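*Asks:* Sending over run.tsv (TSV, C-alpha atoms).
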chain	number	residue	atom	x	y	z
A	1	MET	CA	51.55	55.12	59.00
A	2	THR	CA	50.01	58.04	57.14
A	3	ASP	CA	50.77	61.69	57.81
A	4	PRO	CA	48.51	63.37	60.38
A	5	LEU	CA	45.67	65.56	59.19
A	6	PHE	CA	46.93	68.33	61.46
A	7	ILE	CA	49.51	68.97	64.15
A	8	VAL	CA	48.42	69.06	67.78
A	9	PRO	CA	50.36	70.98	70.42
A	10	SER	CA	53.21	69.14	72.10
A	11	ALA	CA	53.11	68.55	75.84
A	12	PRO	CA	53.50	71.81	77.80
A	13	GLN	CA	56.70	72.03	79.81
A	14	VAL	CA	57.28	73.40	83.29
A	15	PRO	CA	60.72	74.79	84.22
A	16	VAL	CA	62.78	72.93	86.83
A	17	ALA	CA	64.81	75.12	89.19
A	18	GLY	CA	68.46	75.32	88.16
A	19	GLU	CA	68.07	73.06	85.12
A	20	ARG	CA	67.87	73.62	81.37
A	21	ALA	CA	65.58	70.69	80.64
A	22	GLY	CA	61.85	71.23	81.16
A	23	TYR	CA	59.30	68.93	82.77
A	24	PRO	CA	56.76	67.75	80.13
A	25	VAL	CA	53.24	67.51	81.52
A	26	ARG	CA	51.40	64.27	80.79
A	27	ARG	CA	48.29	64.49	82.99
A	28	ILE	CA	46.90	66.59	85.83
A	29	PHE	CA	45.12	65.07	88.82
A	30	CYS	CA	43.50	67.30	91.45
A	31	VAL	CA	42.49	66.32	94.98
A	32	GLY	CA	39.24	67.73	96.32
A	33	ARG	CA	38.51	68.89	99.87
A	34	ASN	CA	41.94	68.09	101.29
A	35	TYR	CA	41.91	70.81	103.98
A	36	ALA	CA	39.24	70.59	106.69
A	37	ALA	CA	38.71	74.35	106.95
A	38	HIS	CA	38.20	74.66	103.19
A	39	ALA	CA	35.73	71.77	103.18
A	40	ALA	CA	33.81	73.54	105.96
A	41	GLU	CA	33.74	76.91	104.16
A	42	MET	CA	32.27	75.16	101.11
A	43	GLY	CA	29.58	73.53	103.26
A	44	ASN	CA	31.06	70.02	103.15
A	45	GLU	CA	32.03	67.56	105.85
A	46	VAL	CA	35.54	66.11	106.04
A	47	ASP	CA	35.63	62.58	104.65
A	48	ARG	CA	38.51	60.35	105.78
A	49	GLU	CA	37.09	57.28	104.08
A	50	ALA	CA	38.92	57.97	100.82
A	51	PRO	CA	40.24	60.97	98.87
A	52	PHE	CA	38.43	62.00	95.69
A	53	TYR	CA	39.75	63.49	92.49
A	54	PHE	CA	38.99	65.44	89.36
A	55	THR	CA	41.25	66.00	86.37
A	56	LYS	CA	42.40	68.78	84.09
A	57	SER	CA	43.87	68.40	80.62
A	58	ALA	CA	47.56	69.13	80.12
A	59	GLN	CA	46.56	72.13	77.99
A	60	ALA	CA	45.20	73.79	81.15
A	61	ILE	CA	48.80	74.43	82.24
A	62	CYS	CA	49.77	78.10	82.52
A	63	PRO	CA	53.22	79.31	83.64
A	64	SER	CA	53.80	81.59	86.59
A	65	GLY	CA	54.28	85.20	85.55
A	66	ALA	CA	51.57	85.06	82.91
A	67	ASP	CA	48.88	87.59	82.18
A	68	ILE	CA	45.66	85.66	81.59
A	69	ALA	CA	42.29	86.91	80.39
A	70	TYR	CA	39.36	86.46	82.77
A	71	PRO	CA	37.96	83.04	81.80
A	72	PRO	CA	34.98	82.85	79.44
A	73	GLY	CA	31.56	81.58	80.46
A	74	THR	CA	31.76	82.58	84.13
A	75	LYS	CA	30.97	85.50	86.40
A	76	ASP	CA	32.54	83.92	89.49
A	77	CYS	CA	36.07	82.62	88.90
A	78	HIS	CA	37.94	81.66	92.11
A	79	TYR	CA	41.59	81.13	93.03
A	80	GLU	CA	42.69	78.01	94.93
A	81	MET	CA	46.33	77.95	96.08
A	82	GLU	CA	47.89	74.45	96.15
A	83	LEU	CA	51.04	72.38	96.54
A	84	VAL	CA	51.74	70.57	93.27
A	85	VAL	CA	53.52	67.21	93.30
A	86	ALA	CA	55.45	66.34	90.12
A	87	LEU	CA	56.03	62.65	89.47
A	88	GLY	CA	59.23	61.48	87.81
A	89	ALA	CA	58.78	57.70	87.80
A	90	ASP	CA	56.13	55.02	87.42
A	91	ALA	CA	53.79	54.22	90.30
A	92	PHE	CA	51.15	51.51	89.98
A	93	ARG	CA	49.58	49.84	93.00
A	94	VAL	CA	52.30	51.18	95.27
A	95	THR	CA	52.15	51.32	99.06
A	96	GLU	CA	52.45	54.53	101.04
A	97	ALA	CA	55.99	53.47	101.96
A	98	GLN	CA	56.88	53.16	98.26
A	99	ALA	CA	54.99	56.19	96.98
A	100	MET	CA	57.61	58.89	97.50
A	101	ARG	CA	60.07	57.08	95.21
A	102	ALA	CA	57.98	58.33	92.29
A	103	VAL	CA	58.17	62.01	93.31
A	104	LEU	CA	60.52	64.24	91.31
A	105	GLY	CA	59.68	67.50	93.03
A	106	TYR	CA	57.17	70.13	94.10
A	107	ALA	CA	55.81	73.46	92.89
A	108	CYS	CA	53.42	76.25	93.82
A	109	GLY	CA	50.17	76.00	91.90
A	110	ILE	CA	46.77	77.64	91.56
A	111	ASP	CA	43.65	75.78	90.52
A	112	LEU	CA	41.35	78.36	88.94
A	113	THR	CA	37.69	77.38	89.26
A	114	ARG	CA	34.58	78.66	87.51
A	115	ARG	CA	32.67	78.43	90.79
A	116	ASP	CA	29.25	79.25	89.36
A	117	LEU	CA	29.55	76.48	86.78
A	118	GLN	CA	30.87	74.05	89.37
A	119	ALA	CA	27.97	74.86	91.71
A	120	ALA	CA	25.44	74.37	88.93
A	121	ALA	CA	26.96	70.97	88.12
A	122	LYS	CA	26.87	69.95	91.78
A	123	ASP	CA	23.20	70.90	92.03
A	124	LYS	CA	22.39	68.63	89.08
A	125	ARG	CA	24.84	65.89	90.17
A	126	ARG	CA	26.81	66.35	86.98
A	127	PRO	CA	30.60	66.26	86.42
A	128	TRP	CA	32.66	69.35	87.30
A	129	ASP	CA	34.49	69.58	83.96
A	130	LEU	CA	33.14	72.97	82.87
A	131	GLY	CA	33.95	74.44	86.26
A	132	LYS	CA	37.45	73.02	86.54
A	133	ASP	CA	39.01	72.05	83.21
A	134	PHE	CA	39.58	75.08	80.97
A	135	GLU	CA	42.49	76.88	79.34
A	136	ALA	CA	45.02	78.49	81.74
A	137	SER	CA	43.25	77.06	84.80
A	138	ALA	CA	46.25	75.14	86.17
A	139	ILE	CA	48.83	77.79	87.04
A	140	ILE	CA	52.24	76.50	88.09
A	141	ALA	CA	55.62	77.92	89.11
A	142	GLU	CA	58.92	76.21	88.45
A	143	ILE	CA	59.47	72.79	90.02
A	144	THR	CA	61.96	72.29	92.84
A	145	ARG	CA	63.42	68.79	93.11
A	146	LYS	CA	62.44	67.01	96.31
A	147	GLU	CA	66.08	66.59	97.34
A	148	GLN	CA	66.46	70.38	97.38
A	149	PHE	CA	63.14	70.96	99.11
A	150	GLY	CA	63.55	68.37	101.86
A	151	ASP	CA	60.79	66.66	103.79
A	152	LEU	CA	57.19	67.81	103.61
A	153	GLY	CA	56.06	69.14	106.97
A	154	ASP	CA	54.47	72.27	108.36
A	155	GLN	CA	55.68	74.63	105.62
A	156	ALA	CA	53.42	77.66	105.23
A	157	ILE	CA	51.18	77.93	102.18
A	158	ARG	CA	49.79	81.40	101.39
A	159	LEU	CA	48.06	83.39	98.69
A	160	SER	CA	47.69	87.17	98.42
A	161	VAL	CA	45.50	89.18	96.05
A	162	ASP	CA	46.72	92.71	95.34
A	163	GLY	CA	48.93	92.47	98.43
A	164	VAL	CA	46.13	91.36	100.77
A	165	LEU	CA	46.59	87.94	102.38
A	166	ARG	CA	43.66	85.66	101.52
A	167	GLN	CA	44.88	82.12	102.25
A	168	ASP	CA	47.24	81.22	105.09
A	169	ALA	CA	47.76	77.63	106.27
A	170	HIS	CA	50.37	74.88	106.55
A	171	LEU	CA	50.99	71.79	104.45
A	172	SER	CA	50.59	69.74	107.63
A	173	ASP	CA	46.90	70.77	107.59
A	174	MET	CA	46.24	68.47	104.63
A	175	ILE	CA	43.79	65.68	105.41
A	176	TRP	CA	45.50	63.26	103.04
A	177	SER	CA	49.31	63.20	102.96
A	178	VAL	CA	51.23	63.07	99.69
A	179	PRO	CA	52.17	59.37	100.11
A	180	GLU	CA	48.53	58.54	100.86
A	181	MET	CA	47.33	60.39	97.75
A	182	ILE	CA	49.88	58.75	95.45
A	183	ALA	CA	49.22	55.28	96.85
A	184	ASP	CA	45.46	55.72	96.48
A	185	LEU	CA	45.63	57.15	92.93
A	186	SER	CA	47.94	54.31	91.91
A	187	ARG	CA	45.13	51.86	92.59
A	188	TYR	CA	43.23	53.35	89.64
A	189	TYR	CA	45.91	54.67	87.26
A	190	HIS	CA	49.32	53.69	85.96
A	191	LEU	CA	50.96	56.87	87.26
A	192	ALA	CA	54.13	57.91	85.46
A	193	ALA	CA	56.66	60.66	84.87
A	194	GLY	CA	54.89	63.80	83.69
A	195	ASP	CA	51.87	63.38	85.96
A	196	LEU	CA	51.09	66.32	88.25
A	197	ILE	CA	48.99	66.14	91.41
A	198	TYR	CA	47.38	69.35	92.68
A	199	THR	CA	46.92	68.48	96.34
A	200	GLY	CA	43.98	70.67	97.40
A	201	THR	CA	43.53	74.17	98.76
A	202	PRO	CA	43.26	75.70	102.26
A	203	ALA	CA	40.41	77.89	103.44
A	204	GLY	CA	40.11	81.44	102.14
A	205	VAL	CA	39.27	80.83	98.48
A	206	GLY	CA	37.56	83.69	96.73
A	207	PRO	CA	36.87	85.46	93.45
A	208	VAL	CA	39.33	87.08	91.09
A	209	ALA	CA	38.61	90.10	88.92
A	210	PRO	CA	40.33	91.78	85.97
A	211	GLY	CA	43.30	93.75	87.23
A	212	ASN	CA	44.03	91.44	90.19
A	213	VAL	CA	47.62	90.40	90.83
A	214	LEU	CA	48.00	87.07	92.66
A	215	LEU	CA	51.03	85.92	94.65
A	216	GLY	CA	51.17	82.31	95.80
A	217	GLU	CA	53.88	81.11	98.19
A	218	ILE	CA	54.99	77.88	99.85
A	219	GLU	CA	58.05	77.91	102.09
A	220	GLY	CA	61.04	76.50	100.20
A	221	LEU	CA	59.51	76.79	96.71
A	222	THR	CA	59.63	79.40	93.96
A	223	PRO	CA	56.68	81.81	94.41
A	224	LEU	CA	53.90	82.00	91.85
A	225	HIS	CA	52.79	85.26	90.20
A	226	LEU	CA	49.68	85.78	88.08
A	227	THR	CA	47.87	88.81	86.64
A	228	VAL	CA	44.24	88.64	85.55
A	229	THR	CA	43.30	90.87	82.62
A	230	SER	CA	39.99	91.79	80.98
A	231	PRO	CA	37.97	89.08	79.21
A	232	GLU	CA	38.80	88.44	75.58
I'd like the structure from this file rewritten - as structure tokens, please.
*Replies:*
Amino acid sequence: MTDPLFIVPSAPQVPVAGERAGYPVRRIFCVGRNYAAHAAEMGNEVDREAPFYFTKSAQAICPSGADIAYPPGTKDCHYEMELVVALGADAFRVTEAQAMRAVLGYACGIDLTRRDLQAAAKDKRRPWDLGKDFEASAIIAEITRKEQFGDLGDQAIRLSVDGVLRQDAHLSDMIWSVPEMIADLSRYYHLAAGDLIYTGTPAGVGPVAPGNVLLGEIEGLTPLHLTVTSPE
């Protein structure tokens, strides 16, 4: 084996509540249109036939508490508050009853979206990559182990911008449950430790602007903080 031509960044790590070791991120899967009210506000019908997904690279990870520059190439960047599921074990072709064995824990997350670029791609029936997968677009707070969090239920999920509540729903509003999402994804991928699943956003998404301070909260999890600064 020869020496590499250059060194690439190692896997980003997410803190785990109460632990010294970090959670290395392998891949990021995102679930689209998983709250009926959000699907409606985006002009889409709810589809219970099967969930659908898009991905982000691991380098899109951004820690809670960061100051991030307004993303390049867009004039309409939106916040999307989400529950993030962190896997800690393999899951391939698992059933819904088996799916939760692979879950290590949960975190608050924000999926930043270049909405104008996403809309342009939709109009041309092209992939969403430019709208979804960019640096610092997958914000995440520290992970809480599932044993500490307890069962998923009707926990509140909220997001405020500059102290004004913008998103307010419950995890029980999700169209696809966490076991259903894991079981379905495992039909197509060898899921493993280090894989994150952003589980979709409630209604109330909207634009961010330089100077905005975002606060994302899910009952029982560490809140997420983010400040948007001027473009680079």
*Asks:* Within 8 Å of Glu80 (chain A), counting only C-alpha atoms, which residues show up once you throw out same-chain ones fewer than 6 positions away? Write them as JSON, numbers by chain, please.
*Replies:* {"A": [110, 111, 112, 113, 200, 201, 202, 205, 206]}
*Asks:* Could you jot down the CA of Glu135 (chain A) to CA of Tyr70 (chain A) separation for me, Å, one decimal place?
*Replies:*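 Taking CA of Glu135 (chain A) and CA of Tyr70 (chain A), their separation equals 10.6 Å.
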*Asks:* I need the residue nearest Ala91 (chain A) from this list: A:His225, A:Lys146, A:His190, A:Lys132. Use all atoms listed in the file for the distance.
*Replies:* A:His190
*Asks:* Against region 95-100 of chain A, which residues of region 104-205 of chain A fall within 7 Å? For each one I want the closest pair of atoms and the distance in Å (one decimal), counting all atoms listed in the file, rows by chain and increasing residue number, as CSV.
*Replies:*
residue,atom,partner,partner_atom,distance
A:Pro179,CA,A:Glu96,CA,4.9
A:Glu180,CA,A:Glu96,CA,5.6
A:Ile182,CA,A:Ala99,CA,5.9
A:Ala183,CA,A:Glu96,CA,5.3
*Asks:* So that I can see what lies close to Ser137 (chain A), please list as an MDAnalysis selection string the residues with an atom at most 10 Å from it, counting all atoms listed in the file and leaving out residues fewer than 5 positions away in the same chain.
*Replies:* chainID A and resid 56:57 59:62 68 71 77 79 109:114 131:132
*Asks:* Please, what distance in Å, to one decimal, runs between CA of Gly211 (chain A) and CA of Tyr198 (chain A)?
*Replies:* 25.3 Å
*Asks:* For Leu104 (chain A), please output as an MDAnalysis selection string all residues within 6 Å (counting all atoms listed in the file; exclusion window: fewer than 4 positions along the same chain).
*Replies:* chainID A and resid 86:88 145
*Asks:* Show me as a PyMOL selection string the residues that reach within 6 Å of (55.1, 70.0, 77.0), counting all atoms listed in the file and using the file's own coordinates.
*Replies:* chain A and resi 10-13+24-25
*Asks:* Give the answer as one residue: which of A:Val84, A:Ala58, A:Ala169, A:Val94 has the shortest atom-to-atom distance to Leu185 (chain A), using all atoms listed in the file?
*Replies:*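 Closest to Leu185 (chain A) of all the choices is A:Val94.
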*Asks:* Name the closest residue to Pro223 (chain A) among the candidates A:Gly153, A:Pro210, A:Gly204, A:Pro63; distances are taken between atoms, counting only C-alpha atoms.
*Replies:*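 Looking at the shortest contact to Pro223 (chain A), the residue is A:Pro63.
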*Asks:* A:Ser177, A:Pro207, A:Leu215, A:Ala107: which is nearest Ser160 (chain A), counting all atoms listed in the file?
*Replies:*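 Smallest distance to Ser160 (chain A) is found for A:Leu215.
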*Asks:* Scan for residues within 12 Å of the point (45.4, 76.9, 102.3) in the coordinates of the file, using only C-alpha atoms, and reply as a ChimeraX atom specification.
*Replies:* /A:33-39,41,79-83,108-111,154-160,165-175,199-206,216-218
*Asks:* Could you please determine the separation between CA of Pro72 (chain A) and CA of Phe134 (chain A) in Å, to one decimal place?
*Replies:*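 Taking CA of Pro72 (chain A) and CA of Phe134 (chain A), their separation equals 9.2 Å.
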*Asks:* Quick one: everything within 8 Å of Leu117 (chain A), counting only C-alpha atoms, minus sequence neighbours fewer than 6 positions away in the same chain. Send it as number ranges by chain.
*Replies:* A: 74, 128, 130-131
*Asks:* Hey, what's within 10 Å of Gly65 (chain A) if we count all atoms listed in the file and toss same-chain stuff fewer than 6 positions away? As a list of chain:residue names, please?
*Replies:*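 Residues meeting the cut-off are A:Ile139, A:Ile140, A:Ala141, A:Val213, A:Leu214, A:Leu215, A:Pro223, A:Leu224, A:His225, A:Leu226, A:Thr227.
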*Asks:* Which of these, A:Arg187, A:Arg126, A:Glu147, A:Pro231, has the shortest distance to Arg93 (chain A) once you count only C-alpha atoms?
*Replies:*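 Result for the nearest residue to Arg93 (chain A): A:Arg187.
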*Asks:* Select, from A:Gly73, A:Cys30, A:Arg125, A:Val8, the residue with the minimum atom-to-atom distance to Ile197 (chain A), counting only C-alpha atoms.
*Replies:*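 Looking at the shortest contact to Ile197 (chain A), the residue is A:Cys30.
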*Asks:* Start from the incomplete input, build N, CA, C and O atoms for region 12-38 of chain A, and deliver everything as a PDB file, in the frame of the given file.
*Replies:*
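Heads up, here's the output in part.pdb:
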ATOM      1  N   PRO A  12      52.930  70.601  77.174  1.00  0.00           N
ATOM      2  CA  PRO A  12      53.500  71.810  77.800  1.00  0.00           C
ATOM      3  C   PRO A  12      54.611  71.421  78.764  1.00  0.00           C
ATOM      4  O   PRO A  12      54.590  70.331  79.353  1.00  0.00           O
ATOM      5  N   GLN A  13      55.576  72.306  78.915  1.00  0.00           N
ATOM      6  CA  GLN A  13      56.700  72.030  79.810  1.00  0.00           C
ATOM      7  C   GLN A  13      56.752  73.047  80.937  1.00  0.00           C
ATOM      8  O   GLN A  13      56.451  74.231  80.744  1.00  0.00           O
ATOM      9  N   VAL A  14      57.132  72.559  82.104  1.00  0.00           N
ATOM     10  CA  VAL A  14      57.280  73.400  83.290  1.00  0.00           C
ATOM     11  C   VAL A  14      58.772  73.487  83.613  1.00  0.00           C
ATOM     12  O   VAL A  14      59.462  72.459  83.638  1.00  0.00           O
ATOM     13  N   PRO A  15      59.304  74.682  83.862  1.00  0.00           N
ATOM     14  CA  PRO A  15      60.720  74.790  84.220  1.00  0.00           C
ATOM     15  C   PRO A  15      61.042  74.056  85.517  1.00  0.00           C
ATOM     16  O   PRO A  15      60.198  73.950  86.420  1.00  0.00           O
ATOM     17  N   VAL A  16      62.266  73.556  85.616  1.00  0.00           N
ATOM     18  CA  VAL A  16      62.780  72.930  86.830  1.00  0.00           C
ATOM     19  C   VAL A  16      63.896  73.815  87.352  1.00  0.00           C
ATOM     20  O   VAL A  16      64.801  74.195  86.597  1.00  0.00           O
ATOM     21  N   ALA A  17      63.858  74.175  88.603  1.00  0.00           N
ATOM     22  CA  ALA A  17      64.810  75.120  89.190  1.00  0.00           C
ATOM     23  C   ALA A  17      66.248  74.679  88.957  1.00  0.00           C
ATOM     24  O   ALA A  17      66.624  73.550  89.281  1.00  0.00           O
ATOM     25  N   GLY A  18      67.041  75.572  88.357  1.00  0.00           N
ATOM     26  CA  GLY A  18      68.460  75.320  88.160  1.00  0.00           C
ATOM     27  C   GLY A  18      68.791  74.386  87.024  1.00  0.00           C
ATOM     28  O   GLY A  18      69.955  73.999  86.877  1.00  0.00           O
ATOM     29  N   GLU A  19      67.821  74.024  86.192  1.00  0.00           N
ATOM     30  CA  GLU A  19      68.070  73.060  85.120  1.00  0.00           C
ATOM     31  C   GLU A  19      67.606  73.627  83.784  1.00  0.00           C
ATOM     32  O   GLU A  19      66.683  74.439  83.713  1.00  0.00           O
ATOM     33  N   ARG A  20      68.244  73.161  82.706  1.00  0.00           N
ATOM     34  CA  ARG A  20      67.870  73.620  81.370  1.00  0.00           C
ATOM     35  C   ARG A  20      66.703  72.822  80.819  1.00  0.00           C
ATOM     36  O   ARG A  20      65.882  73.343  80.077  1.00  0.00           O
ATOM     37  N   ALA A  21      66.636  71.546  81.151  1.00  0.00           N
ATOM     38  CA  ALA A  21      65.580  70.690  80.640  1.00  0.00           C
ATOM     39  C   ALA A  21      64.254  70.998  81.345  1.00  0.00           C
ATOM     40  O   ALA A  21      64.219  71.259  82.554  1.00  0.00           O
ATOM     41  N   GLY A  22      63.166  70.982  80.582  1.00  0.00           N
ATOM     42  CA  GLY A  22      61.850  71.230  81.160  1.00  0.00           C
ATOM     43  C   GLY A  22      61.154  69.931  81.536  1.00  0.00           C
ATOM     44  O   GLY A  22      61.541  68.841  81.106  1.00  0.00           O
ATOM     45  N   TYR A  23      60.103  70.064  82.328  1.00  0.00           N
ATOM     46  CA  TYR A  23      59.300  68.930  82.770  1.00  0.00           C
ATOM     47  C   TYR A  23      58.053  68.860  81.883  1.00  0.00           C
ATOM     48  O   TYR A  23      57.174  69.717  81.981  1.00  0.00           O
ATOM     49  N   PRO A  24      57.941  67.843  80.998  1.00  0.00           N
ATOM     50  CA  PRO A  24      56.760  67.750  80.130  1.00  0.00           C
ATOM     51  C   PRO A  24      55.560  67.215  80.901  1.00  0.00           C
ATOM     52  O   PRO A  24      55.662  66.216  81.616  1.00  0.00           O
ATOM     53  N   VAL A  25      54.439  67.887  80.765  1.00  0.00           N
ATOM     54  CA  VAL A  25      53.240  67.510  81.520  1.00  0.00           C
ATOM     55  C   VAL A  25      52.433  66.477  80.735  1.00  0.00           C
ATOM     56  O   VAL A  25      52.045  66.710  79.580  1.00  0.00           O
ATOM     57  N   ARG A  26      52.171  65.362  81.394  1.00  0.00           N
ATOM     58  CA  ARG A  26      51.400  64.270  80.790  1.00  0.00           C
ATOM     59  C   ARG A  26      49.927  64.359  81.175  1.00  0.00           C
ATOM     60  O   ARG A  26      49.043  64.365  80.339  1.00  0.00           O
ATOM     61  N   ARG A  27      49.663  64.414  82.478  1.00  0.00           N
ATOM     62  CA  ARG A  27      48.290  64.490  82.990  1.00  0.00           C
ATOM     63  C   ARG A  27      48.279  65.342  84.252  1.00  0.00           C
ATOM     64  O   ARG A  27      49.309  65.541  84.889  1.00  0.00           O
ATOM     65  N   ILE A  28      47.072  65.810  84.605  1.00  0.00           N
ATOM     66  CA  ILE A  28      46.900  66.590  85.830  1.00  0.00           C
ATOM     67  C   ILE A  28      45.772  65.980  86.648  1.00  0.00           C
ATOM     68  O   ILE A  28      44.626  65.886  86.178  1.00  0.00           O
ATOM     69  N   PHE A  29      46.105  65.556  87.857  1.00  0.00           N
ATOM     70  CA  PHE A  29      45.120  65.070  88.820  1.00  0.00           C
ATOM     71  C   PHE A  29      44.977  66.116  89.923  1.00  0.00           C
ATOM     72  O   PHE A  29      45.959  66.706  90.351  1.00  0.00           O
ATOM     73  N   CYS A  30      43.747  66.335  90.392  1.00  0.00           N
ATOM     74  CA  CYS A  30      43.500  67.300  91.450  1.00  0.00           C
ATOM     75  C   CYS A  30      42.737  66.619  92.582  1.00  0.00           C
ATOM     76  O   CYS A  30      41.796  65.849  92.323  1.00  0.00           O
ATOM     77  N   VAL A  31      43.123  66.922  93.804  1.00  0.00           N
ATOM     78  CA  VAL A  31      42.490  66.320  94.980  1.00  0.00           C
ATOM     79  C   VAL A  31      41.485  67.310  95.551  1.00  0.00           C
ATOM     80  O   VAL A  31      41.806  68.482  95.769  1.00  0.00           O
ATOM     81  N   GLY A  32      40.285  66.865  95.799  1.00  0.00           N
ATOM     82  CA  GLY A  32      39.240  67.730  96.320  1.00  0.00           C
ATOM     83  C   GLY A  32      39.148  67.680  97.833  1.00  0.00           C
ATOM     84  O   GLY A  32      39.407  66.645  98.454  1.00  0.00           O
ATOM     85  N   ARG A  33      38.811  68.809  98.439  1.00  0.00           N
ATOM     86  CA  ARG A  33      38.510  68.890  99.870  1.00  0.00           C
ATOM     87  C   ARG A  33      39.588  68.247 100.736  1.00  0.00           C
ATOM     88  O   ARG A  33      39.305  67.390 101.576  1.00  0.00           O
ATOM     89  N   ASN A  34      40.835  68.688 100.545  1.00  0.00           N
ATOM     90  CA  ASN A  34      41.940  68.090 101.290  1.00  0.00           C
ATOM     91  C   ASN A  34      42.392  68.920 102.478  1.00  0.00           C
ATOM     92  O   ASN A  34      43.394  68.606 103.106  1.00  0.00           O
ATOM     93  N   TYR A  35      41.678  70.019 102.775  1.00  0.00           N
ATOM     94  CA  TYR A  35      41.910  70.810 103.980  1.00  0.00           C
ATOM     95  C   TYR A  35      40.562  70.948 104.683  1.00  0.00           C
ATOM     96  O   TYR A  35      39.578  71.366 104.064  1.00  0.00           O
ATOM     97  N   ALA A  36      40.517  70.612 105.962  1.00  0.00           N
ATOM     98  CA  ALA A  36      39.240  70.590 106.690  1.00  0.00           C
ATOM     99  C   ALA A  36      38.546  71.949 106.679  1.00  0.00           C
ATOM    100  O   ALA A  36      37.332  72.035 106.489  1.00  0.00           O
ATOM    101  N   ALA A  37      39.321  73.022 106.876  1.00  0.00           N
ATOM    102  CA  ALA A  37      38.710  74.350 106.950  1.00  0.00           C
ATOM    103  C   ALA A  37      38.112  74.747 105.611  1.00  0.00           C
ATOM    104  O   ALA A  37      37.073  75.417 105.550  1.00  0.00           O
ATOM    105  N   HIS A  38      38.759  74.354 104.508  1.00  0.00           N
ATOM    106  CA  HIS A  38      38.200  74.660 103.190  1.00  0.00           C
ATOM    107  C   HIS A  38      36.928  73.859 102.945  1.00  0.00           C
ATOM    108  O   HIS A  38      35.934  74.384 102.423  1.00  0.00           O
TER     109      HIS A  38
END
